[in-house]
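Undergrad: For reference, this is structure_38.cif, and it has mmCIF, C-alpha atoms.
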```
data_upload
#
loop_
_atom_site.label_atom_id
_atom_site.label_comp_id
_atom_site.auth_asym_id
_atom_site.auth_seq_id
_atom_site.Cartn_x
_atom_site.Cartn_y
_atom_site.Cartn_z
CA MET A 1 -48.85 160.03 124.62
CA THR A 2 -46.00 157.86 123.49
CA ASP A 3 -42.49 159.07 122.90
CA ASP A 4 -42.00 158.74 119.18
CA ARG A 5 -38.23 158.58 119.53
CA GLU A 6 -38.63 155.46 121.64
CA THR A 7 -41.54 153.72 120.02
CA GLY A 8 -41.68 155.14 116.51
CA LEU A 9 -39.99 154.22 113.27
CA THR A 10 -38.34 157.56 112.55
CA LEU A 11 -34.57 157.70 112.75
CA ASP A 12 -34.01 160.65 115.10
CA PRO A 13 -30.65 160.23 116.86
CA LYS A 14 -30.30 162.00 120.18
CA TYR A 15 -26.88 163.57 119.78
CA ASP A 16 -25.20 164.79 122.95
CA PHE A 17 -23.87 168.29 123.59
CA ALA A 18 -20.88 167.43 121.39
CA GLY A 19 -23.09 166.15 118.58
CA LEU A 20 -22.25 162.51 119.19
CA VAL A 21 -23.91 159.17 119.80
CA THR A 22 -22.15 156.09 121.18
CA ALA A 23 -21.41 153.33 118.67
CA VAL A 24 -20.76 149.71 119.64
CA ALA A 25 -19.42 147.29 117.03
CA THR A 26 -19.84 143.55 117.51
CA ASP A 27 -18.54 140.68 115.40
CA GLY A 28 -21.42 139.30 113.35
CA ASP A 29 -20.14 135.75 113.76
CA SER A 30 -18.80 135.52 117.32
CA GLY A 31 -20.90 138.25 118.90
CA ALA A 32 -17.81 139.68 120.60
CA VAL A 33 -17.78 143.39 121.27
CA LEU A 34 -14.97 144.67 119.07
CA MET A 35 -14.89 148.36 119.90
CA VAL A 36 -16.80 151.30 121.29
CA ALA A 37 -16.50 154.66 119.58
CA HIS A 38 -18.56 157.72 118.72
CA MET A 39 -20.42 158.98 115.67
CA ASN A 40 -21.64 162.36 114.66
CA ALA A 41 -24.39 162.73 112.05
CA GLU A 42 -21.84 162.71 109.24
CA ALA A 43 -20.21 159.48 110.47
CA LEU A 44 -23.58 157.77 110.79
CA ALA A 45 -24.58 158.88 107.29
CA ALA A 46 -21.25 157.71 105.85
CA THR A 47 -21.66 154.35 107.57
CA LEU A 48 -25.18 153.89 106.24
CA ASP A 49 -24.19 155.03 102.75
CA THR A 50 -20.97 153.03 102.35
CA GLY A 51 -21.58 149.89 104.41
CA GLU A 52 -18.30 150.45 106.25
CA ALA A 53 -17.93 151.89 109.73
CA TRP A 54 -17.08 155.58 110.07
CA PHE A 55 -16.63 157.35 113.39
CA TRP A 56 -15.87 160.73 114.85
CA SER A 57 -12.51 160.84 116.59
CA ARG A 58 -12.82 162.95 119.71
CA SER A 59 -9.05 163.00 120.23
CA ARG A 60 -8.22 164.02 116.68
CA GLY A 61 -11.34 166.08 116.11
CA ARG A 62 -12.12 164.59 112.73
CA LEU A 63 -14.17 162.05 110.84
CA TRP A 64 -12.38 158.77 110.21
CA LYS A 65 -13.11 155.52 108.52
CA LYS A 66 -12.10 152.58 110.66
CA GLY A 67 -9.25 150.94 108.76
CA GLU A 68 -8.54 153.92 106.53
CA THR A 69 -4.82 153.48 107.26
CA SER A 70 -4.55 149.85 108.39
CA GLY A 71 -7.04 148.40 105.93
CA HIS A 72 -8.83 146.81 108.89
CA VAL A 73 -12.26 148.05 107.94
CA LEU A 74 -15.51 146.94 109.52
CA LYS A 75 -18.03 145.79 106.92
CA VAL A 76 -21.46 146.56 108.30
CA ARG A 77 -24.16 143.91 108.19
CA GLU A 78 -26.75 145.78 110.20
CA VAL A 79 -27.14 148.94 112.26
CA ARG A 80 -29.52 149.11 115.21
CA VAL A 81 -30.51 152.00 117.40
CA ASP A 82 -31.43 151.87 121.06
CA CYS A 83 -34.62 152.98 122.76
CA ASP A 84 -33.66 156.61 123.28
CA GLN A 85 -31.58 156.77 120.10
CA ASP A 86 -28.39 157.91 121.75
CA ALA A 87 -26.49 154.72 120.90
CA VAL A 88 -26.11 152.57 117.79
CA TRP A 89 -25.09 148.94 117.50
CA LEU A 90 -23.13 147.91 114.41
CA ILE A 91 -23.12 144.22 113.58
CA VAL A 92 -20.03 143.82 111.44
CA ASP A 93 -17.61 141.58 109.62
CA PRO A 94 -14.17 142.81 110.65
CA HIS A 95 -11.44 142.72 108.04
CA GLY A 96 -8.48 142.20 110.32
CA PRO A 97 -7.99 143.10 113.98
CA ALA A 98 -10.42 145.72 115.22
CA CYS A 99 -8.02 147.14 117.81
CA HIS A 100 -5.09 149.41 116.95
CA THR A 101 -3.00 147.26 119.31
CA GLY A 102 -3.38 144.33 116.92
CA GLU A 103 -5.86 142.48 119.11
CA ALA A 104 -9.00 141.14 117.45
CA SER A 105 -11.12 143.14 119.92
CA CYS A 106 -10.30 146.21 121.99
CA PHE A 107 -11.69 144.28 124.97
CA TYR A 108 -8.73 141.93 125.42
CA ARG A 109 -8.59 142.18 129.22
CA ARG A 110 -11.10 141.19 131.83
CA ILE A 111 -11.33 142.55 135.33
CA GLU A 112 -10.64 140.08 138.12
CA GLY A 113 -10.79 141.56 141.58
CA ARG A 114 -9.28 144.95 140.84
CA ARG A 115 -6.69 143.67 138.40
CA LEU A 116 -6.73 142.96 134.67
CA VAL A 117 -6.16 139.58 133.09
CA ARG A 118 -5.55 139.05 129.40
CA VAL A 119 -8.30 137.07 127.69
CA GLY A 120 -7.79 134.09 125.41
CA MET B 1 7.76 153.23 125.88
CA THR B 2 4.48 151.42 126.16
CA ASP B 3 1.30 152.93 127.45
CA ASP B 4 0.57 151.02 130.63
CA ARG B 5 -3.12 151.84 130.46
CA GLU B 6 -3.28 150.04 127.12
CA THR B 7 -0.91 147.18 127.60
CA GLY B 8 -0.64 146.73 131.35
CA LEU B 9 -2.68 144.81 133.86
CA THR B 10 -3.60 147.69 136.14
CA LEU B 11 -7.24 148.72 136.24
CA ASP B 12 -7.05 152.45 135.56
CA PRO B 13 -10.32 153.62 133.99
CA LYS B 14 -10.11 156.76 131.90
CA TYR B 15 -13.14 158.65 133.15
CA ASP B 16 -14.33 161.53 131.00
CA PHE B 17 -14.86 165.13 132.15
CA ALA B 18 -18.07 164.00 133.87
CA GLY B 19 -16.34 161.11 135.63
CA LEU B 20 -17.90 158.44 133.44
CA VAL B 21 -16.96 155.51 131.25
CA THR B 22 -19.26 153.88 128.69
CA ALA B 23 -20.71 150.50 129.67
CA VAL B 24 -22.06 147.97 127.17
CA ALA B 25 -24.03 144.96 128.41
CA THR B 26 -24.38 141.88 126.23
CA ASP B 27 -26.36 138.70 126.82
CA GLY B 28 -23.96 135.94 127.85
CA ASP B 29 -25.94 133.37 125.90
CA SER B 30 -27.10 135.12 122.72
CA GLY B 31 -24.39 137.75 122.48
CA ALA B 32 -27.01 140.43 121.80
CA VAL B 33 -26.22 143.93 122.93
CA LEU B 34 -28.80 144.61 125.63
CA MET B 35 -28.07 148.18 126.62
CA VAL B 36 -25.50 150.95 126.66
CA ALA B 37 -25.17 153.11 129.75
CA HIS B 38 -22.55 154.91 131.83
CA MET B 39 -20.63 154.16 134.99
CA ASN B 40 -18.77 156.35 137.40
CA ALA B 41 -16.15 154.86 139.73
CA GLU B 42 -18.80 154.07 142.33
CA ALA B 43 -20.99 152.22 139.84
CA LEU B 44 -18.06 150.19 138.58
CA ALA B 45 -17.03 149.30 142.13
CA ALA B 46 -20.59 148.33 143.05
CA THR B 47 -20.83 146.16 139.95
CA LEU B 48 -17.57 144.39 140.70
CA ASP B 49 -18.48 143.96 144.37
CA THR B 50 -22.07 142.75 143.97
CA GLY B 51 -22.03 140.88 140.66
CA GLU B 52 -25.01 142.91 139.47
CA ALA B 53 -24.89 145.85 137.09
CA TRP B 54 -24.91 149.35 138.54
CA PHE B 55 -24.81 152.51 136.46
CA TRP B 56 -24.76 156.26 136.78
CA SER B 57 -27.91 157.88 135.49
CA ARG B 58 -27.00 161.07 133.69
CA SER B 59 -30.62 162.16 133.46
CA ARG B 60 -31.39 161.56 137.11
CA GLY B 61 -27.93 162.39 138.41
CA ARG B 62 -27.68 159.38 140.66
CA LEU B 63 -26.32 155.87 141.04
CA TRP B 64 -28.81 153.16 140.16
CA LYS B 65 -28.86 149.42 140.12
CA LYS B 66 -30.37 148.11 136.89
CA GLY B 67 -33.61 146.42 137.97
CA GLU B 68 -33.80 148.11 141.35
CA THR B 69 -37.47 148.85 140.70
CA SER B 70 -38.43 146.31 138.03
CA GLY B 71 -36.46 143.39 139.39
CA HIS B 72 -34.89 143.01 135.96
CA VAL B 73 -31.33 142.91 137.19
CA LEU B 74 -28.31 142.00 135.11
CA LYS B 75 -26.23 139.27 136.73
CA VAL B 76 -22.65 139.84 135.67
CA ARG B 77 -20.57 136.94 134.42
CA GLU B 78 -17.56 138.94 133.36
CA VAL B 79 -16.39 142.52 132.98
CA ARG B 80 -13.87 143.52 130.35
CA VAL B 81 -12.19 146.83 129.70
CA ASP B 82 -11.11 148.22 126.35
CA CYS B 83 -7.67 149.29 125.20
CA ASP B 84 -7.79 152.86 126.46
CA GLN B 85 -9.96 151.95 129.46
CA ASP B 86 -12.77 154.38 128.72
CA ALA B 87 -15.33 151.63 128.10
CA VAL B 88 -16.33 148.44 129.85
CA TRP B 89 -18.12 145.40 128.47
CA LEU B 90 -20.41 143.50 130.83
CA ILE B 91 -21.24 139.92 129.84
CA VAL B 92 -24.46 139.25 131.71
CA ASP B 93 -27.38 136.99 132.41
CA PRO B 94 -30.43 139.25 132.25
CA HIS B 95 -33.25 138.56 134.66
CA GLY B 96 -36.14 139.78 132.55
CA PRO B 97 -36.23 142.37 129.78
CA ALA B 98 -33.22 144.68 129.77
CA CYS B 99 -35.13 147.62 128.27
CA HIS B 100 -37.53 149.80 130.23
CA THR B 101 -39.91 149.49 127.27
CA GLY B 102 -40.29 145.77 128.01
CA GLU B 103 -38.15 144.67 125.09
CA ALA B 104 -35.45 142.08 125.75
CA SER B 105 -32.85 144.50 124.38
CA CYS B 106 -32.88 148.27 124.02
CA PHE B 107 -31.78 147.72 120.41
CA TYR B 108 -35.15 146.54 119.08
CA ARG B 109 -35.03 148.56 115.85
CA ARG B 110 -32.63 148.39 112.94
CA ILE B 111 -31.94 151.14 110.48
CA GLU B 112 -32.99 150.45 106.88
CA GLY B 113 -32.33 153.28 104.50
CA ARG B 114 -33.13 156.18 106.81
CA ARG B 115 -36.07 154.49 108.53
CA LEU B 116 -36.36 152.14 111.49
CA VAL B 117 -37.73 148.62 111.35
CA ARG B 118 -38.62 146.57 114.39
CA VAL B 119 -36.45 143.50 114.84
CA GLY B 120 -37.71 139.97 115.46
#
```
Output the file's structure as structure tokens, nothing else.

TA:
Amino acid sequence: MTDDRETGLTLDPKYDFAGLVTAVATDGDSGAVLMVAHMNAEALAATLDTGEAWFWSRSRGRLWKKGETSGHVLKVREVRVDCDQDAVWLIVDPHGPACHTGEASCFYRRIEGRRLVRVG
Amino acid sequence: MTDDRETGLTLDPKYDFAGLVTAVATDGDSGAVLMVAHMNAEALAATLDTGEAWFWSRSRGRLWKKGETSGHVLKVREVRVDCDQDAVWLIVDPHGPACHTGEASCFYRRIEGRRLVRVG
């Protein structure tokens, strides 16, 4: 007996207790991880319907379109789902910096030893 | 007043209520997202100390080294942390398939319309 969620072709996201899946956005050209956020069912549907990335803000408790204020939207090329369907991978074309700090990616520091070093 | 967690060079992970941060592993060569999992402080320390990826299994409630049974370890080239330090990005060299299903990546299906399509 196979697990249809893992092996099948039915979209059946495994939302957590808060109704969320993890969403990872990578740059379609460079492959860099741009940001990690969360989606509820509404955010995933909005993303699939509009071709731009929508998330659920846990801190603000509301749906938001990435770039709704800054204009730095993420145009979605492709959305993938992982084996147990509790995470999605968005392959995107970012329009502007993905990070609210102004960095291209939220991951602008690497860990060396137990310290951080700015990248690039 | 800047937020040191966001702009500083001190490693200060923002663990959630369960003591976890999100971890994303990408292939150092292809850039593909291989898997998304979680780390507690012990898993992060073990990863930094050993150069192989360790995670916290929420379903099994224990620390585990990726590949401890299969041998399909993830050799870590670099670890980055995101702006608010609640997610880490592991750039890795996978030794074997990263997914327990035998696929190279856990993200072996893309969403088309509301259905899944196997990739590649």

Undergrad: Work out how far CA of Ala87 in chain B is from CA of Lys66 in chain B, in Å to one decimal.

TA: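 Separation of CA of Lys66 in chain B and CA of Ala87 in chain B: 17.8 Å.
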
Undergrad: Nearest to chain A among B:Glu42, B:Asp27, B:Asp93, B:Glu52, with distances taken over only C-alpha atoms: which residue is it?

TA: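 Among the listed residues, the smallest separation from chain A belongs to B:Asp27.
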
Undergrad: Once the PyMOL selection byres ((chain A) within 6 of (chain B)) is applied to the coordinates I shared, what remains selected? I want it as a PyMOL selection string.

TA: chain A and resi 9-11+31+79-83+106-107+109-111+115-116

Undergrad: What's the separation between CA of Ala98 in chain B and CA of Thr50 in chain B, in Å to one decimal place?

TA: 18.2 Å

Undergrad: Return as a list in words the set of residues that the PyMOL selection byres ((chain B and resi 64) around 10) yields on the displayed structure.

TA: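 Taken on the displayed file, the PyMOL selection byres ((chain B and resi 64) around 10) yields the residues Met39, Ala43, Ala46, Ala53, Trp54, Phe55, Trp56, Ser57, Arg60, Gly61, Arg62, Leu63, Lys65, Lys66, Gly67, Glu68 and Thr69 of chain B.
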
Undergrad: So the first atom is CA of Arg58 in chain A and the second is CA of Gly19 in chain A; what is the distance between them in Å, to one decimal place?

TA: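 Pair CA of Arg58 in chain A / CA of Gly19 in chain A returns 10.8 Å.
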
Undergrad: Is it possible to see chain B as a short mmCIF file (atom, residue, chain, number, x, y, z; two decimals) with C-alpha atoms, in the coordinates of the input, once it has been laid onto chain A by a least-squares fit on every C-alpha atom in order?

TA:
```cif
data_model
loop_
_atom_site.label_atom_id
_atom_site.label_comp_id
_atom_site.auth_asym_id
_atom_site.auth_seq_id
_atom_site.Cartn_x
_atom_site.Cartn_y
_atom_site.Cartn_z
CA MET B 1 -48.80 159.97 124.79
CA THR B 2 -45.97 157.84 123.53
CA ASP B 3 -42.48 159.07 122.92
CA ASP B 4 -42.00 158.75 119.19
CA ARG B 5 -38.24 158.59 119.52
CA GLU B 6 -38.64 155.46 121.63
CA THR B 7 -41.54 153.73 120.00
CA GLY B 8 -41.70 155.14 116.49
CA LEU B 9 -39.98 154.22 113.27
CA THR B 10 -38.35 157.56 112.55
CA LEU B 11 -34.57 157.72 112.75
CA ASP B 12 -34.00 160.65 115.09
CA PRO B 13 -30.65 160.23 116.85
CA LYS B 14 -30.30 162.00 120.17
CA TYR B 15 -26.87 163.56 119.79
CA ASP B 16 -25.21 164.79 122.96
CA PHE B 17 -23.87 168.30 123.59
CA ALA B 18 -20.89 167.45 121.38
CA GLY B 19 -23.09 166.15 118.57
CA LEU B 20 -22.26 162.51 119.18
CA VAL B 21 -23.91 159.17 119.80
CA THR B 22 -22.15 156.09 121.18
CA ALA B 23 -21.40 153.33 118.67
CA VAL B 24 -20.76 149.71 119.63
CA ALA B 25 -19.41 147.28 117.03
CA THR B 26 -19.84 143.54 117.51
CA ASP B 27 -18.55 140.67 115.40
CA GLY B 28 -21.42 139.28 113.34
CA ASP B 29 -20.14 135.75 113.76
CA SER B 30 -18.81 135.53 117.32
CA GLY B 31 -20.90 138.25 118.90
CA ALA B 32 -17.81 139.68 120.61
CA VAL B 33 -17.78 143.38 121.28
CA LEU B 34 -14.98 144.67 119.07
CA MET B 35 -14.88 148.36 119.90
CA VAL B 36 -16.79 151.30 121.29
CA ALA B 37 -16.49 154.67 119.58
CA HIS B 38 -18.56 157.74 118.72
CA MET B 39 -20.42 158.97 115.68
CA ASN B 40 -21.64 162.37 114.66
CA ALA B 41 -24.39 162.73 112.05
CA GLU B 42 -21.83 162.69 109.24
CA ALA B 43 -20.22 159.48 110.47
CA LEU B 44 -23.58 157.77 110.79
CA ALA B 45 -24.58 158.88 107.30
CA ALA B 46 -21.27 157.71 105.84
CA THR B 47 -21.66 154.36 107.56
CA LEU B 48 -25.17 153.88 106.25
CA ASP B 49 -24.18 155.02 102.76
CA THR B 50 -20.96 153.03 102.36
CA GLY B 51 -21.57 149.89 104.41
CA GLU B 52 -18.29 150.45 106.25
CA ALA B 53 -17.91 151.90 109.73
CA TRP B 54 -17.07 155.58 110.08
CA PHE B 55 -16.61 157.35 113.39
CA TRP B 56 -15.85 160.73 114.85
CA SER B 57 -12.50 160.85 116.58
CA ARG B 58 -12.81 162.95 119.70
CA SER B 59 -9.05 163.01 120.22
CA ARG B 60 -8.24 164.03 116.68
CA GLY B 61 -11.37 166.08 116.10
CA ARG B 62 -12.13 164.59 112.72
CA LEU B 63 -14.18 162.04 110.82
CA TRP B 64 -12.37 158.78 110.21
CA LYS B 65 -13.12 155.53 108.50
CA LYS B 66 -12.10 152.58 110.67
CA GLY B 67 -9.24 150.94 108.76
CA GLU B 68 -8.51 153.93 106.55
CA THR B 69 -4.81 153.48 107.27
CA SER B 70 -4.56 149.85 108.40
CA GLY B 71 -7.03 148.39 105.94
CA HIS B 72 -8.82 146.81 108.88
CA VAL B 73 -12.25 148.05 107.93
CA LEU B 74 -15.50 146.94 109.51
CA LYS B 75 -18.02 145.79 106.92
CA VAL B 76 -21.45 146.55 108.31
CA ARG B 77 -24.16 143.92 108.17
CA GLU B 78 -26.73 145.78 110.20
CA VAL B 79 -27.14 148.93 112.26
CA ARG B 80 -29.52 149.10 115.18
CA VAL B 81 -30.49 152.00 117.39
CA ASP B 82 -31.43 151.87 121.05
CA CYS B 83 -34.62 152.99 122.75
CA ASP B 84 -33.68 156.61 123.29
CA GLN B 85 -31.59 156.77 120.10
CA ASP B 86 -28.38 157.91 121.73
CA ALA B 87 -26.50 154.72 120.87
CA VAL B 88 -26.10 152.58 117.78
CA TRP B 89 -25.08 148.94 117.50
CA LEU B 90 -23.12 147.92 114.41
CA ILE B 91 -23.12 144.21 113.57
CA VAL B 92 -20.02 143.82 111.44
CA ASP B 93 -17.62 141.58 109.61
CA PRO B 94 -14.17 142.80 110.65
CA HIS B 95 -11.44 142.73 108.05
CA GLY B 96 -8.47 142.18 110.32
CA PRO B 97 -7.98 143.10 113.97
CA ALA B 98 -10.43 145.72 115.21
CA CYS B 99 -8.02 147.14 117.81
CA HIS B 100 -5.11 149.42 116.96
CA THR B 101 -3.01 147.27 119.31
CA GLY B 102 -3.39 144.33 116.90
CA GLU B 103 -5.87 142.49 119.09
CA ALA B 104 -9.02 141.14 117.44
CA SER B 105 -11.11 143.14 119.91
CA CYS B 106 -10.30 146.20 121.98
CA PHE B 107 -11.69 144.28 124.98
CA TYR B 108 -8.72 141.94 125.42
CA ARG B 109 -8.58 142.20 129.22
CA ARG B 110 -11.11 141.21 131.84
CA ILE B 111 -11.34 142.57 135.33
CA GLU B 112 -10.65 140.08 138.14
CA GLY B 113 -10.82 141.55 141.59
CA ARG B 114 -9.30 144.94 140.86
CA ARG B 115 -6.70 143.67 138.40
CA LEU B 116 -6.76 142.96 134.67
CA VAL B 117 -6.17 139.58 133.09
CA ARG B 118 -5.58 139.04 129.40
CA VAL B 119 -8.32 137.08 127.69
CA GLY B 120 -7.81 134.06 125.43
#
```

Undergrad: Centre and edge lengths of an axis-aligned box around all listed atoms of range 92-100 of chain B, with 4 Å added on each side, are to be given in Å to one decimal, as AutoDock Vina command-line options.

TA:
```
--center_x -31.0 --center_y 143.4 --center_z 131.5 --size_x 21.1 --size_y 20.8 --size_z 14.4
```

Undergrad: Return the single residue from B:Thr47, B:Ser59, B:Ser70, B:Asn40 that is closest to Gly96 in chain B, with distances computed using only C-alpha atoms.

TA: B:Ser70

Undergrad: Between B:His72, B:Val21, B:His95, B:Gly51, which residue has the minimum interatomic distance to His38 in chain B, considering all atoms listed in the file?

TA: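 When distances to His38 in chain B are compared using all atoms listed in the file, the smallest one comes from B:Val21.
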